[in-house]
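The block underneath contains the structure these notes are about, expressed in structure tokens.
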Amino acid sequence: MEQTLKNLEAQALKDLEKVTSMPELETLELQYLGRKDGSVTNIMKSLKDLPASQKPIIGPLANKTKTIIEYAFENKRKSFEEADLTKQLSKEFFDTTIPSKIREIGHIHPLSQVQEEVERIFSQMGFSIMDGPEVESEYYNFESLNVPKDHPARDMQDTFFIQEKDDPKHGRMVLRTQTSPVQVRTMEKYGAPLRVIVPGRTFRYEATDASHDTTFYQVEGLLIDKDISLAHLKGIMKEFLSRLFGKDVVVRFRPGYFPFVEPGLELDFSCLLCDGKGCRVCKHSGWVEFMGAGMVHENVLKAGGVDSKIYQGWAFGFGLTRLVMMKYKIDDIRLLLGGDLRFNKQF
Amino acid sequence: MLVSLNWLKDFVDINVNSEKSFFNKVVVGFVEKMDKHPNADRLNVAEVNIGNETVQIVCGGVNLKEKVYVAVALPGSVLPGNFEIKKSVIRGIESNGMICHLSELGLAEDDGKHEISIIAKTTPGTPFVKTLKVKGMSPEELQELLTIKTAEVEKIEREDKHLQHVVTGKLIDFEKIPNTKFHHKGSIDIGGKIIQLVFGSVHVAEKGWILPIALPGAKLPGGEIKEAKIQGVLSQGMICADDELGIQNSPSGLTVFPEGTPLGKPISEILKLDDTIIEFDNKSLTHRPDLWGHYGIAREIAALTDTKLKPYAPKVVIPKNGESAKVEVKDFDLCKRFCSLVINNIKVEESPLWMKKRLKATGHGAHNNIVDVTNYVMTELGQPMHAFDKEYIKKGIVVRRAQKGEKITSLDGKERILTEEMGVVADHERAVAVAGIIGGENSEINEKTTSIILEAATWNPSIIRRTSTKLGIRTEAVQRFEKSLDPAWGELAILKAAELILKLCPSAKIAGPMTDIKKSTDKPVIIAFDTNKAQSKIGTEISQLEMKKILEKLEFKATVKSKGVLTVEVPSFRATKDVHNENDLVEEIARMYGYDNIPVLLPTLPTKLPIENLERFKKHRTRELFSYALGFDEIYNYSFYGLKELKNCGMLETNHIKLLNYLSEEQTHLRISLIPNLIKNLQLNAKYLDAVKIYEIGRTYQEIGQFMPLEEKKIGGAILSKGKSDQPFYEAKGAAESFFQKFNITVAVAKGITDLPYAHPIKSVSYLATNGETLAKVFMLHPGVVKNHDLEKYSIAMFEINFSEALKFEKVEKFCKKLPRFPNIEIDISVLIENTVEVETIKKAILDSDKTLVKSAELFDIYEGSNLEKNKKAIAYKVTLQSDEKTLTDEEMAQVQQKIFSNLEKLGGTIRGK
């Protein structure tokens with residue numbers, strides 16, 4: 001009996017291998033597993049006639065054989081079905097080139113996008129992000145920054161003044177011409193050491209054209225601690241610009257004058273378009289003018305209540321608007337605040 | 001500020017070699033490989049290593065071979081003869097430059113052999129100029145040196161920059177070209193050769209005139225001149241007006257050379273345009289009063305190049321006796337020093353050419369020899385001067401403050417009314433000049449003047465600035481005086497002017513000793529300079545000795561006081577304002593040591609969490625919500641609007657902050673709402689789009705009776721769609737609610753808005769915080785405002801959320817709810833009801849039917865139509881029932897449903913399909 005079962009299994013698997021179509025499979029299945037006269041079924045039926053001593057041995061064996069054969073048939077059936085489906089699918093026609101169905105998403109203004117990127121990079125270097133009033137007093141906008149009345153440097157920044165506001169200590173009210181007043185405000189509030197940036201809206205009273213607007217955005221930076229040097233300013237700015245532009249950027253200093261810093265300097269970075277070799281964008285100098293900076297003037301530290309004998313540091317201010325224009329090759333500053341969606345929807 | 005290189009050479013040896021510019025983009029190359037050109041017998045294709053890359057160059061040099069070093073002119077280089085190298089394709093092969101023979105670089109005679117020059121082994125990529133022993137700097141190098149170490153040089157330009165191939169030519173004959181309006185055909189003798197050219201009648205020219213002729217190849221400011229056919233006639237050049245040549249030579253605008261001028265000569269030679277002009281950015285000189293004259297710049301260059309500076313020593317003998325100017329200084333606060341000198345026997349006439357040329361090159365007009373001398377001294381030394389006609393000075397000079405309302409007619413012919421804080425130079429009867437700003441007409445030098453009083457004074461910079469601002473006069477004198485000048489210059493200026501006047505006008509006689517009135521001499525500024533602190537600020541090691549040397553080069557006196565401390569005396573020309581403490585010296589050290597030599601370092605600071613700015617963080621999240629989830633576009637608007645816009649929005653001026661000075665009538669008031677500018681955005685964009693969804697996050701500025709106005713951050717939004725619909729309102733309401741949901745802010749809704757003039761009073765809601773404060777308003781735009789903006793074809797809803805206030809009500813905690821364990825049942829209920837019953841009332845009636853089992857009721861249809869009873873609407877809700885304890889039975893469901901039906905019927909509704 002054992003041998004019969006083995007032979008049956010071997011024969012069934014062998015027969016199954018030869019099957020090439022579903023009808024053939026069905027016929028064969030009837031032959032082996034058919035309820036009425038299948039060879040496996042018949043054996044199962046005959047089990048009851050076995051002697052009692054044989055039953056516990058042959059019974060499980062027969063069941064096993066049956067399972068193996070059933071499983072083999074099931075596999076074969078699945079393989080035929082899969083082949084059928086594959087064949088059927090391959091015949092279908094479907095046009096994937098019909099335009100996509102897109103739910104239109106809105107657009108975030110380029111100034112917001114770049115501002116967030118700037119904030120993210122500086123935050124990662126431990127800088128806090130500060131805010132300050134846009135309508136500012138003359139004191140914070142000028143005097144506290146070492147620009148007394150009648151200082152020629154006031155010419156550098158044409159100022160919007162507010163009507164009928166005057167205060168003996170704080171002077172007139174102005175629309176801040178720079179984010180720098182927040183330097184002193186932050187020092188007053190938090191003292192030293194300090195590591196902050198201030199991105200914000202600034203105003204100048206000057207005629208508008210493709211590269212000038214009454215309203216623009218700046219980012220102020222301030223790092224005050226012990227032993228902070230110009231070398232660190234180079235380091236931080238190189239790190240920032242390289243991360244921002246995703247490539248290694250070289251920075252250089254040259255002399256510049258801003259009353260609130262001493263030494264005062266300008267920072268340029270290597271032109272990204274030509275890698276410093278000289279092109280139209282950098283006016284063939286290889287450098288792009290980027291920002292004013294310098295060691296915070298001791299009068300400014302004093303105005304902020306910081307002891308210049310213990311603490312020193314640097315400050316910088318760059319044009320976020322300019323950065324955005326450079327990044328996206330925007331040739332007219334007025335587009336940024338123009339509110340024309342044909343522009344805004346591009347970002 | 002314009003500085004003449006020739007003028008600087010009076011004081012310092014500067015070797016600027018313009019030829020060096022030619023080598024700007026010429027580098028050393030190493031020929032790695034060379035093959036024959038496939039399509040040309042005499043050409044080769046070389047692979048040349050130029051440092052960081054290898055380029056392909058097509059070259060004809062017969063002696064070129066592999067593994068040699070050569071001079072390579074890269075694309076963009078301009079070789080002698082204005083020959084520009086460009087990237088090109090030569091017989092089908094790309095060529096990225098030119099391998100040069102020395103003759104092509106102007107360094108040797110052309111031997112006609114078609115060879116290239118093989119040079120000694122040098123690292124590829126090295127600027128070729130470094131392999132030569134060319135002395136001096138190129139103009140670009142000088143520009144770079146000054147920019148990097150002193151102040152920004154905007155450009156350095158040779159006066160003859162555009163005059164290559166521009167020669168003298170005689171107009172022999174000309175005639176009008178038939179059938180043209182303006183064009184003439186002329187023949188020009190350019191010295192042994194006659195050319196033909198076409199010109200317009202813009203130049204009124206006569207036969208025989210000798211004129212500037214630009215020949216083909218000339219690169220004028222407007223472009224390159226080429227041989228061309230104009231109106232069908234060959235033109236081999238161009239007659240040029242001054243502006244076409246970029247020069248200012250003749251008052252008429254067209255230079256006509258005197259008869260007998262040689263023909264075919266470069267006009268730069270004839271006009272002696274051999275100077276090089278350095279243009280500084282004035283802003284970068286703001287803190288350097290010493291650099292506002294040629295002598296100061298020369299001193300700086302001497303320090304930068306380690307060259308000797310010639311002393312400023314006018315050669316003039318001032319008599320010990322004789323007539324001096326009588327001067328009385330009444331206010332030493334106004335005037336620190338007043339030097340003056342009387343010169344007689346003056347003959348006022350035109351200045352000599354050399355002086356006019358220098359003045360012109362530095363941007364000054366020429367007047368007469370006396371005025372020109374004062375301008376010359378100012379431009380050379382930096383000390384402004386004035387000359388009075390002595391005849392008109394009654395009794396003597398008085399330096400005093402003006403009287404209130406005192407009048408003077410200034411040199412520009414305008415009457416000026418003065419105030420008490422302004423200074424004047426007066427005689428004993430009247431003011432003759434506004435001190436340090438502008439002279440008076442009443443004592444002006446004229447052709448009859450024979451005696452003059454020269455003035456060189458040191459004025460109070462603040463008074464100068466205030467006066468100049470008040471009077472609206474910005475002269476070159478103001479520019480200099482307001483920066484605090486060295487009082488020592490007064491005397492030097494007088495001596496130099498006297499020397500020049502005697503030279504220009506040999507008959508002149510100095511009348512007597514110089515009058516020099518000063519109250520006290522300023523004490524020298526002495527600084528104890530901590531060199532260790534300086535190192536710590538610069539961030540690199542610079543020895544005390546090196547610092548001392550740097551300071552001495554700049555004419556500071558430095559002595560070692562102890563290790564780490566220098567005692568530094570500031571020279572008078574730097575001591576007025578510029579340098580008075582240690583940090584000022586740090587700047588001198590840092591720039592001269594070289595900003596480039598400062599290392600790039602990151603600070604080693606302790607790890608510290610930044611001060612949190614959640615508002616800023618959430619502003620960015622809000623943008624993502626509005627733009628990326630709700631589909632709005634972000635807009636930035638100006639912080640202002642004008643009176644007209646204010647009125648169009650039905651607003652009053654109350655609470656507004658007004659600008660004192662403004663640029664446009666549309667930017668006069670600071671905004672107290674974001675809405676008016678957003679309406680303008682809608683107007684603009686409706687031109688191109690049928691639907692607009694925009695928002696802005698920005699500040700408003702409100703006058704609240706305190707010194708500082710109230711600045712609040714708001715979110716303003718607008719939805720516009722074509723045609724009549726209330727849908728925009730519901731979308732706007734949804735946007736506001738999404739915001740509150742996102743930040744977990746609990747709000748209550750209040751119907752109708754009466755306090756916003758631009759809001760529809762009924763189609764509007766406010767959102768209130770738990771304490772009753774209004775956080776947001778959503779509304780359809782008021783029909784009147786819609787009309788004012790010609791937007792009647794559209795439906796417009798808007799919202800304004802007080803961002804900073806709303807965030808204060810943010811609930812930070814949020815707890816997880818258990819998921820339901822038993823299945824829910826959904827039933828649809830439709831009710832026919834009076835159309836004035838609000839859906840919120842209906843919803844409440846449903847929810848109230850069973851507060852534990854009715855979990856939600858969602859509106860899914862509102863229908864009003866002709867097949868319904870009049871004034872009725874059909875409302876359909878999907879109601880979800882669910883128990884937290886068990887699976888509901890059909891019976892339990894039916895009970896709740898019945899309760900809902902009866903509640904709705906109480907509202908007057910008829911259940912449909914019941």
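Ligands are numbered from 1 in the order shown, residues from 1 within each chain, and chains are lettered A, B, ... in the order they appear in the structure tokens.
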Using only C-alpha atoms, what table do you get, as JSON lines, when you list each residue of chain A with an atom no more than 7 Å from chain B, its nearest pair of atoms, and their distance in Å rounded to one decimal, rows by chain then rising number?
```
{"residue": "A:Glu104", "atom": "CA", "partner": "B:Gly631", "partner_atom": "CA", "distance": 6.5}
{"residue": "A:Ile105", "atom": "CA", "partner": "B:Gly631", "partner_atom": "CA", "distance": 4.5}
{"residue": "A:Gly106", "atom": "CA", "partner": "B:Gly631", "partner_atom": "CA", "distance": 4.0}
{"residue": "A:His107", "atom": "CA", "partner": "B:Asp633", "partner_atom": "CA", "distance": 4.6}
{"residue": "A:Ile108", "atom": "CA", "partner": "B:Glu634", "partner_atom": "CA", "distance": 5.1}
{"residue": "A:His109", "atom": "CA", "partner": "B:Glu634", "partner_atom": "CA", "distance": 5.3}
{"residue": "A:Gly126", "atom": "CA", "partner": "B:Pro610", "partner_atom": "CA", "distance": 5.5}
{"residue": "A:Phe127", "atom": "CA", "partner": "B:Pro610", "partner_atom": "CA", "distance": 5.7}
{"residue": "A:Ser128", "atom": "CA", "partner": "B:Pro610", "partner_atom": "CA", "distance": 4.6}
{"residue": "A:Ile129", "atom": "CA", "partner": "B:Asn613", "partner_atom": "CA", "distance": 6.3}
{"residue": "A:Asp150", "atom": "CA", "partner": "B:Ser462", "partner_atom": "CA", "distance": 5.4}
{"residue": "A:Pro152", "atom": "CA", "partner": "B:Glu482", "partner_atom": "CA", "distance": 6.8}
{"residue": "A:Phe160", "atom": "CA", "partner": "B:Asn661", "partner_atom": "CA", "distance": 6.0}
{"residue": "A:Phe161", "atom": "CA", "partner": "B:Leu660", "partner_atom": "CA", "distance": 5.3}
{"residue": "A:Ile162", "atom": "CA", "partner": "B:Leu659", "partner_atom": "CA", "distance": 4.5}
{"residue": "A:Gln163", "atom": "CA", "partner": "B:Leu660", "partner_atom": "CA", "distance": 4.7}
{"residue": "A:Thr215", "atom": "CA", "partner": "B:Tyr638", "partner_atom": "CA", "distance": 6.9}
{"residue": "A:Asp227", "atom": "CA", "partner": "B:Ser536", "partner_atom": "CA", "distance": 5.7}
{"residue": "A:Ile228", "atom": "CA", "partner": "B:Lys537", "partner_atom": "CA", "distance": 6.4}
{"residue": "A:Ser229", "atom": "CA", "partner": "B:Lys537", "partner_atom": "CA", "distance": 4.3}
{"residue": "A:Leu230", "atom": "CA", "partner": "B:Ile538", "partner_atom": "CA", "distance": 5.1}
{"residue": "A:Ala231", "atom": "CA", "partner": "B:Gly539", "partner_atom": "CA", "distance": 5.0}
{"residue": "A:His232", "atom": "CA", "partner": "B:Leu601", "partner_atom": "CA", "distance": 4.9}
{"residue": "A:Lys234", "atom": "CA", "partner": "B:Val600", "partner_atom": "CA", "distance": 5.2}
{"residue": "A:Gly235", "atom": "CA", "partner": "B:Leu601", "partner_atom": "CA", "distance": 4.5}
{"residue": "A:Ile236", "atom": "CA", "partner": "B:Leu602", "partner_atom": "CA", "distance": 6.1}
{"residue": "A:Arg252", "atom": "CA", "partner": "B:Asp596", "partner_atom": "CA", "distance": 6.3}
{"residue": "A:Phe253", "atom": "CA", "partner": "B:Tyr595", "partner_atom": "CA", "distance": 5.6}
{"residue": "A:Arg254", "atom": "CA", "partner": "B:Ile148", "partner_atom": "CA", "distance": 4.6}
{"residue": "A:Pro255", "atom": "CA", "partner": "B:Ala151", "partner_atom": "CA", "distance": 6.0}
{"residue": "A:Gly256", "atom": "CA", "partner": "B:Ser284", "partner_atom": "CA", "distance": 5.8}
{"residue": "A:Tyr257", "atom": "CA", "partner": "B:Ser284", "partner_atom": "CA", "distance": 5.8}
{"residue": "A:Glu262", "atom": "CA", "partner": "B:Asn583", "partner_atom": "CA", "distance": 5.9}
{"residue": "A:Pro263", "atom": "CA", "partner": "B:Glu587", "partner_atom": "CA", "distance": 4.4}
{"residue": "A:Leu337", "atom": "CA", "partner": "B:Tyr636", "partner_atom": "CA", "distance": 5.1}
{"residue": "A:Gly339", "atom": "CA", "partner": "B:Asn681", "partner_atom": "CA", "distance": 5.6}
{"residue": "A:Asp340", "atom": "CA", "partner": "B:Asn685", "partner_atom": "CA", "distance": 6.3}
{"residue": "A:Leu341", "atom": "CA", "partner": "B:Asn685", "partner_atom": "CA", "distance": 6.5}
{"residue": "A:Lys345", "atom": "CA", "partner": "B:Asp633", "partner_atom": "CA", "distance": 6.9}
```
Mind writing the picked residues with N, CA and C atoms as a compact mmCIF listing (two decimals), in the first residue's frame?
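The resulting file, out.txt, is reproduced below:
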```
# COMPACT_ATOMS: atom_id res chain seq x y z
N GLU A 104 -4.62 72.15 -8.12
CA GLU A 104 -3.68 73.26 -8.11
C GLU A 104 -3.35 73.67 -6.68
N ILE A 105 -2.06 73.68 -6.36
CA ILE A 105 -1.69 74.17 -5.04
C ILE A 105 -1.25 75.62 -5.18
N GLY A 106 -1.33 76.36 -4.09
CA GLY A 106 -0.96 77.76 -4.15
C GLY A 106 0.55 77.93 -4.07
N HIS A 107 0.97 79.18 -4.09
CA HIS A 107 2.40 79.47 -4.14
C HIS A 107 2.82 80.36 -3.00
N ILE A 108 3.95 80.04 -2.42
CA ILE A 108 4.49 80.88 -1.35
C ILE A 108 5.45 81.88 -1.98
N HIS A 109 5.35 83.12 -1.57
CA HIS A 109 6.15 84.19 -2.16
C HIS A 109 7.64 83.89 -2.05
N GLY A 126 22.84 78.10 15.78
CA GLY A 126 22.57 78.61 17.13
C GLY A 126 22.13 80.06 17.18
N PHE A 127 21.75 80.63 16.05
CA PHE A 127 21.29 82.02 16.06
C PHE A 127 19.79 82.08 16.38
N SER A 128 19.40 83.06 17.17
CA SER A 128 17.99 83.28 17.44
C SER A 128 17.44 84.21 16.36
N ILE A 129 16.14 84.09 16.11
CA ILE A 129 15.53 84.94 15.09
C ILE A 129 14.70 86.01 15.79
N ASP A 150 23.01 115.32 11.98
CA ASP A 150 23.99 116.02 11.15
C ASP A 150 25.15 115.15 10.71
N PRO A 152 27.04 112.90 8.21
CA PRO A 152 26.91 112.72 6.76
C PRO A 152 26.33 111.36 6.39
N PHE A 160 11.93 107.91 5.33
CA PHE A 160 10.53 108.31 5.45
C PHE A 160 10.28 108.77 6.88
N PHE A 161 9.70 109.93 7.03
CA PHE A 161 9.34 110.42 8.37
C PHE A 161 7.83 110.38 8.56
N ILE A 162 7.43 110.25 9.82
CA ILE A 162 6.01 110.21 10.17
C ILE A 162 5.59 111.61 10.63
N GLN A 163 4.37 112.00 10.27
CA GLN A 163 3.89 113.32 10.66
C GLN A 163 3.68 113.45 12.16
N THR A 215 10.37 99.81 -0.52
CA THR A 215 10.22 98.75 0.47
C THR A 215 11.08 97.56 0.06
N ASP A 227 36.05 87.36 22.70
CA ASP A 227 37.00 86.93 21.66
C ASP A 227 36.40 86.62 20.30
N ILE A 228 35.32 87.29 19.95
CA ILE A 228 34.76 87.09 18.61
C ILE A 228 35.53 87.99 17.63
N SER A 229 35.95 87.40 16.52
CA SER A 229 36.82 88.16 15.60
C SER A 229 36.26 88.20 14.19
N LEU A 230 36.92 88.99 13.36
CA LEU A 230 36.56 89.08 11.94
C LEU A 230 36.74 87.74 11.24
N ALA A 231 37.69 86.94 11.74
CA ALA A 231 37.89 85.62 11.15
C ALA A 231 36.62 84.78 11.30
N HIS A 232 35.94 84.95 12.44
CA HIS A 232 34.70 84.21 12.66
C HIS A 232 33.59 84.70 11.73
N LYS A 234 34.06 85.74 8.71
CA LYS A 234 34.33 85.05 7.44
C LYS A 234 33.83 83.62 7.51
N GLY A 235 34.12 82.97 8.62
CA GLY A 235 33.73 81.56 8.78
C GLY A 235 32.24 81.36 8.71
N ILE A 236 31.50 82.14 9.50
CA ILE A 236 30.04 81.98 9.55
C ILE A 236 29.42 82.29 8.18
N ARG A 252 35.20 87.36 0.57
CA ARG A 252 36.33 88.28 0.81
C ARG A 252 35.82 89.54 1.46
N PHE A 253 36.70 90.21 2.17
CA PHE A 253 36.39 91.50 2.79
C PHE A 253 37.05 92.61 2.00
N ARG A 254 36.43 93.77 2.02
CA ARG A 254 37.15 94.98 1.62
C ARG A 254 36.64 96.12 2.48
N PRO A 255 37.40 97.22 2.55
CA PRO A 255 37.00 98.27 3.47
C PRO A 255 35.64 98.84 3.09
N GLY A 256 34.89 99.21 4.08
CA GLY A 256 33.59 99.82 3.84
C GLY A 256 33.29 100.67 5.06
N TYR A 257 32.41 101.63 4.89
CA TYR A 257 32.15 102.50 6.03
C TYR A 257 30.70 102.44 6.45
N GLU A 262 33.20 99.28 13.53
CA GLU A 262 34.59 99.73 13.42
C GLU A 262 35.48 98.58 13.83
N PRO A 263 36.28 98.02 12.99
CA PRO A 263 36.39 98.29 11.57
C PRO A 263 35.11 97.96 10.82
N LEU A 337 6.73 93.22 -5.03
CA LEU A 337 5.58 93.75 -4.31
C LEU A 337 4.49 94.22 -5.27
N GLY A 339 2.23 92.32 -6.80
CA GLY A 339 0.97 91.61 -6.63
C GLY A 339 0.42 90.99 -7.91
N ASP A 340 1.26 90.86 -8.93
CA ASP A 340 0.81 90.28 -10.19
C ASP A 340 1.00 88.76 -10.11
N LEU A 341 -0.12 88.04 -10.14
CA LEU A 341 -0.02 86.59 -9.95
C LEU A 341 0.74 85.88 -11.06
N LYS A 345 2.90 83.21 -9.17
CA LYS A 345 2.60 81.80 -9.39
C LYS A 345 3.80 81.01 -9.94
```
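Backbone DSSP over stretch 185-339 of chain B gives helix (DSSP H, G or I) for Asp242, Asp243, Glu244, Leu245, Ile267, Ser268, Glu269, Ile270, Asn282, Lys283, Ser284, Leu285, Pro289, Asp290, Leu291, His294, Tyr295, Gly296, Ile297, Ala298, Arg299, Glu300, Ile301, Ala302, Ala303, Leu304 and Thr305 of chain B.
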- Task: Fewer than 3 positions away in the same chain doesn't count, so skip those; otherwise give me all residues within 10 Å of A:Leu28, counting only C-alpha atoms, as a count of residues only.
- Result: 14
- Task: Using DSSP on the backbone coordinates, identify the residues of stretch 129-176 of chain A assigned to strand (DSSP E or B); present them as a list in words.
- Result: Ile129, Val135, Glu136, Ser137, Phe161, Ile162, Gln163, Glu164, Lys165, Asp166, Asp167, Gly171, Arg172, Met173, Val174 and Leu175 of chain A
Could you dump the residues just selected with C-alpha atoms as a PDB file, in the first residue's frame?
```pdb
ATOM      1  CA  ILE A 129      15.530  84.940  15.088  1.00  0.00           C
ATOM      2  CA  VAL A 135       7.888 102.188  12.525  1.00  0.00           C
ATOM      3  CA  GLU A 136      10.918 103.135  14.552  1.00  0.00           C
ATOM      4  CA  SER A 137      12.235 106.112  16.474  1.00  0.00           C
ATOM      5  CA  PHE A 161       9.345 110.419   8.368  1.00  0.00           C
ATOM      6  CA  ILE A 162       6.013 110.211  10.168  1.00  0.00           C
ATOM      7  CA  GLN A 163       3.888 113.325  10.657  1.00  0.00           C
ATOM      8  CA  GLU A 164       3.591 115.023  14.007  1.00  0.00           C
ATOM      9  CA  LYS A 165       5.628 112.712  16.135  1.00  0.00           C
ATOM     10  CA  ASP A 166       8.453 114.061  18.174  1.00  0.00           C
ATOM     11  CA  ASP A 167       9.955 113.014  21.445  1.00  0.00           C
ATOM     12  CA  GLY A 171      13.398 112.137  18.185  1.00  0.00           C
ATOM     13  CA  ARG A 172      11.017 111.800  15.294  1.00  0.00           C
ATOM     14  CA  MET A 173       9.363 108.618  14.106  1.00  0.00           C
ATOM     15  CA  VAL A 174      10.676 107.070  10.925  1.00  0.00           C
ATOM     16  CA  LEU A 175      10.069 103.978   8.878  1.00  0.00           C
TER      17      LEU A 175
END
```
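Across the structure, atom CA of B:Lys67 and atom CA of B:Lys36 are spaced 15.7 Å apart.
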